[in-house]
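For reference, the structure is listed below as structure tokens.
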Amino acid sequence: MGWGEGSGTKAPATRAFAHPDHVGCSAVSGEAMEIRIRHLTKVFEKGKRALNDVTLDIGSGMFGLLGPNGAGKTTLMRILATLMEPTSGEVWFNGLHLKKNRREIRAMTGYLPQEFHAFPNLRAWEFLDYVASLSGLKDPRKRKEAVDEMLEKVGLYEARDRFCNRLSGGMKRRLGIAQALIGNPKVIIVDEPTTGLDPEERIRFRNLLSEIARGDVIIILSTHIVGDISSTCGDMALLHRGEVVFKGSPEELIQMARGHAWRLEVSDDELEAIKLKYPVIVTIPSAGGWEVEIVAEELDSYAAEPVEPNLEHAYVYFMEYRLRESVVDFREGGIEEVAV
Ligand SMILES: Nc1ncnc2c1ncn2[C@@H]1O[C@H](COP(=O)(O)OP(=O)(O)O)[C@@H](O)[C@H]1O
Ligand SMILES: [Mg+2]
């Protein structure tokens, strides 16, 4: 698949694993991947608790990490990418321990940081060539093949001779994606990868990832946009204030919202009243006023028809009605008041 010469907005790019000790991906080839995270906590200086006792199992395929800004997604990803030390807790990549086997884990992991910066004075192909050599591709011929193939895949082949600082925002973003994928990593960590991509690029990127996810790899994708968690994510977690508040398939989250999503026709005045009472997911102007979709634990005194919830309904329903039950605030020691 290609990636047209589309433009995009600003987004800087760095393969975080510019490490001379890269040993290639052979450590686990052929093995099914599993990441085990146990009681992971990160407290920053001044006491900010960004992760609180996170325990997760992540298996092969695409894993969606969904949460509002500030939830702790980047912190978790930086820890998994060996760029930040947790305050406490343990992580294993198969039999490899995050702390004791840093080098091996780096060699098998590709990472696209939320803020990605390439080296400005390298051409696009030179930058990928450099990253590929760090990821263990020592044979120059094989490396050229891999670089060309990756440039083709992300639609940068025509722009391969451009200096990194001369690429458009969208192109830089794609270069960031390319550097995370080159060298056939077994674990791919992408932090808010669709930021700055236009809708068409977003779809292409999703297709590219799901293509890669068919191999025996783990892809962890973080986002604050529900629409980025597609059906290709077999498994997902909801992160909220540093805690995992939901873990399961998108379908399981949707299942919780069944019977709690509604469509109704309302007038202008009724719309205001509805907004105060229920989370409104969709508002469409209609002949008599507005057609709205809402989620509610129970719906009283409105003529409404039930609708099949999608992931967006399910996310809002969960945050609004189920979170209070599931999250115990670690600071207060009591039940958390949630502002969605
Ligand atoms: N270096 C840091 N020092 C102090 N607080 C931080 C630091 N990095 C992140 N935080 C805080 O930790 C929380 C989680 O941040 P982050 O992991 O970036 O969340 P997300 O990626 O989900 O938006 C936020 O409240 C953020 O302000
Ligand atoms: Mg982030």
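Here's how to read the names in the structure tokens: chain A, B, ... by the order shown, residue numbers from 1 in each chain, ligand numbers from 1 in the order shown.
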Next on the checklist: To test your reading of the structure, identify every residue in stretch 100-148 of chain A that backbone DSSP assigns to strand (DSSP E or B), and report it as a ChimeraX atom specification.
Outcome noted: /A:109-112,123
Could you build a table of the residues in chain A lying no more than 8 Å from ligand 2, giving for each the nearest pair of atoms and their separation in Å rounded to one decimal place, using only C-alpha atoms and all ligand atoms, ordered by chain and ascending residue number, as a tab-separated table?
```
residue	atom	partner	partner_atom_place_in_ligand_line	distance
A:Asn69	CA	ligand 2	1 (Mg)	6.5
A:Gly70	CA	ligand 2	1 (Mg)	6.9
A:Ala71	CA	ligand 2	1 (Mg)	7.9
A:Gly72	CA	ligand 2	1 (Mg)	6.9
A:Lys73	CA	ligand 2	1 (Mg)	5.3
A:Thr74	CA	ligand 2	1 (Mg)	4.0
A:Thr75	CA	ligand 2	1 (Mg)	7.3
A:Gln114	CA	ligand 2	1 (Mg)	6.3
A:Asp191	CA	ligand 2	1 (Mg)	6.6
A:Glu192	CA	ligand 2	1 (Mg)	6.8
A:Ser222	CA	ligand 2	1 (Mg)	7.8
A:Thr223	CA	ligand 2	1 (Mg)	7.8
```
Checklist entry - stretch 88-314 of chain A: which residues are alpha helix (DSSP H) by DSSP, as a ChimeraX atom specification? => result /A:102-107,124-134,140-153,169-181,199-213,250-257,268-277,311-314
Checklist entry - A:Ala314: which residues within 12 Å, counting only C-alpha atoms, same-chain residues fewer than 6 positions away excluded, as a list in words? => result Val226, Gly227, Leu238, Phe246, Ser249, Pro250, Glu251, Glu252, Leu253, Ile254, Gln255, Met256, Ala257, Arg258, Gly259, His260, Ala261, Trp262, Pro279, Ile281, Ile294, Val295, Ala296, Glu297, Val307, Glu308, Glu320, Tyr321 and Arg322 of chain A
Take the residues that were just selected and, keeping C-alpha atoms, output them as a short mmCIF file (atom, residue, chain, number, x, y, z; two decimals), in the first residue's frame.
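What landed in result-v2.cif:
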```
data_model
loop_
_atom_site.label_atom_id
_atom_site.label_comp_id
_atom_site.auth_asym_id
_atom_site.auth_seq_id
_atom_site.Cartn_x
_atom_site.Cartn_y
_atom_site.Cartn_z
CA VAL A 226 -11.98 7.02 20.61
CA GLY A 227 -12.18 6.74 16.82
CA LEU A 238 -8.81 2.54 29.49
CA PHE A 246 -11.12 -1.06 32.03
CA SER A 249 -12.04 -6.00 23.96
CA PRO A 250 -13.77 -2.96 22.46
CA GLU A 251 -16.79 -5.27 22.09
CA GLU A 252 -16.87 -5.87 25.85
CA LEU A 253 -16.89 -2.14 26.50
CA ILE A 254 -19.73 -1.77 23.98
CA GLN A 255 -21.62 -4.61 25.64
CA MET A 256 -21.71 -2.63 28.90
CA ALA A 257 -23.46 0.23 27.13
CA ARG A 258 -26.14 -1.91 25.46
CA GLY A 259 -29.57 -0.78 26.62
CA HIS A 260 -28.12 2.58 27.67
CA ALA A 261 -27.90 4.39 24.31
CA TRP A 262 -30.87 6.29 22.91
CA PRO A 279 -24.10 13.14 27.99
CA ILE A 281 -22.93 11.96 21.81
CA ILE A 294 -27.43 10.17 24.37
CA VAL A 295 -26.30 7.64 26.92
CA ALA A 296 -28.14 7.20 30.18
CA GLU A 297 -28.31 4.71 33.01
CA VAL A 307 -29.77 2.59 19.46
CA GLU A 308 -26.96 0.08 19.12
CA GLU A 320 -19.99 8.83 33.16
CA TYR A 321 -21.80 5.98 34.85
CA ARG A 322 -19.37 3.17 35.60
#
```
Next on the checklist: When you look at A:Glu34 with a cut-off of 7 Å (counting only C-alpha atoms), what residues show up, excluding the ones that are within fewer than 5 positions of it in the same chain? I need them as a VMD selection string.
Outcome noted: chain A and resid 58 to 60 93 to 94
Checklist outcome for this item: For ligand 1, the closest of A:Pro113, A:Gly183, A:Gly170, A:Gly242 counting only C-alpha atoms and all ligand atoms is A:Gly242
Checklist entry - How many Å lie between atom CA of A:Pro309 and atom CA of A:Val282, rounded to one decimal? => result 11.7 Å
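Considering the residues A:Val266, A:Leu197, A:Ala118, A:Met62 and counting only C-alpha atoms, A:Leu175 has its shortest atom-to-atom contact with A:Ala118.
Atom pair atom CA of A:Leu208 / atom CA of A:Leu96 has a distance of 27.7 Å (rounded to one decimal).
Minimum distance to ligand 1 across A:Gly288, A:Gly67, A:Pro199, A:Gly234 (counting only C-alpha atoms and all ligand atoms) occurs at A:Gly67.
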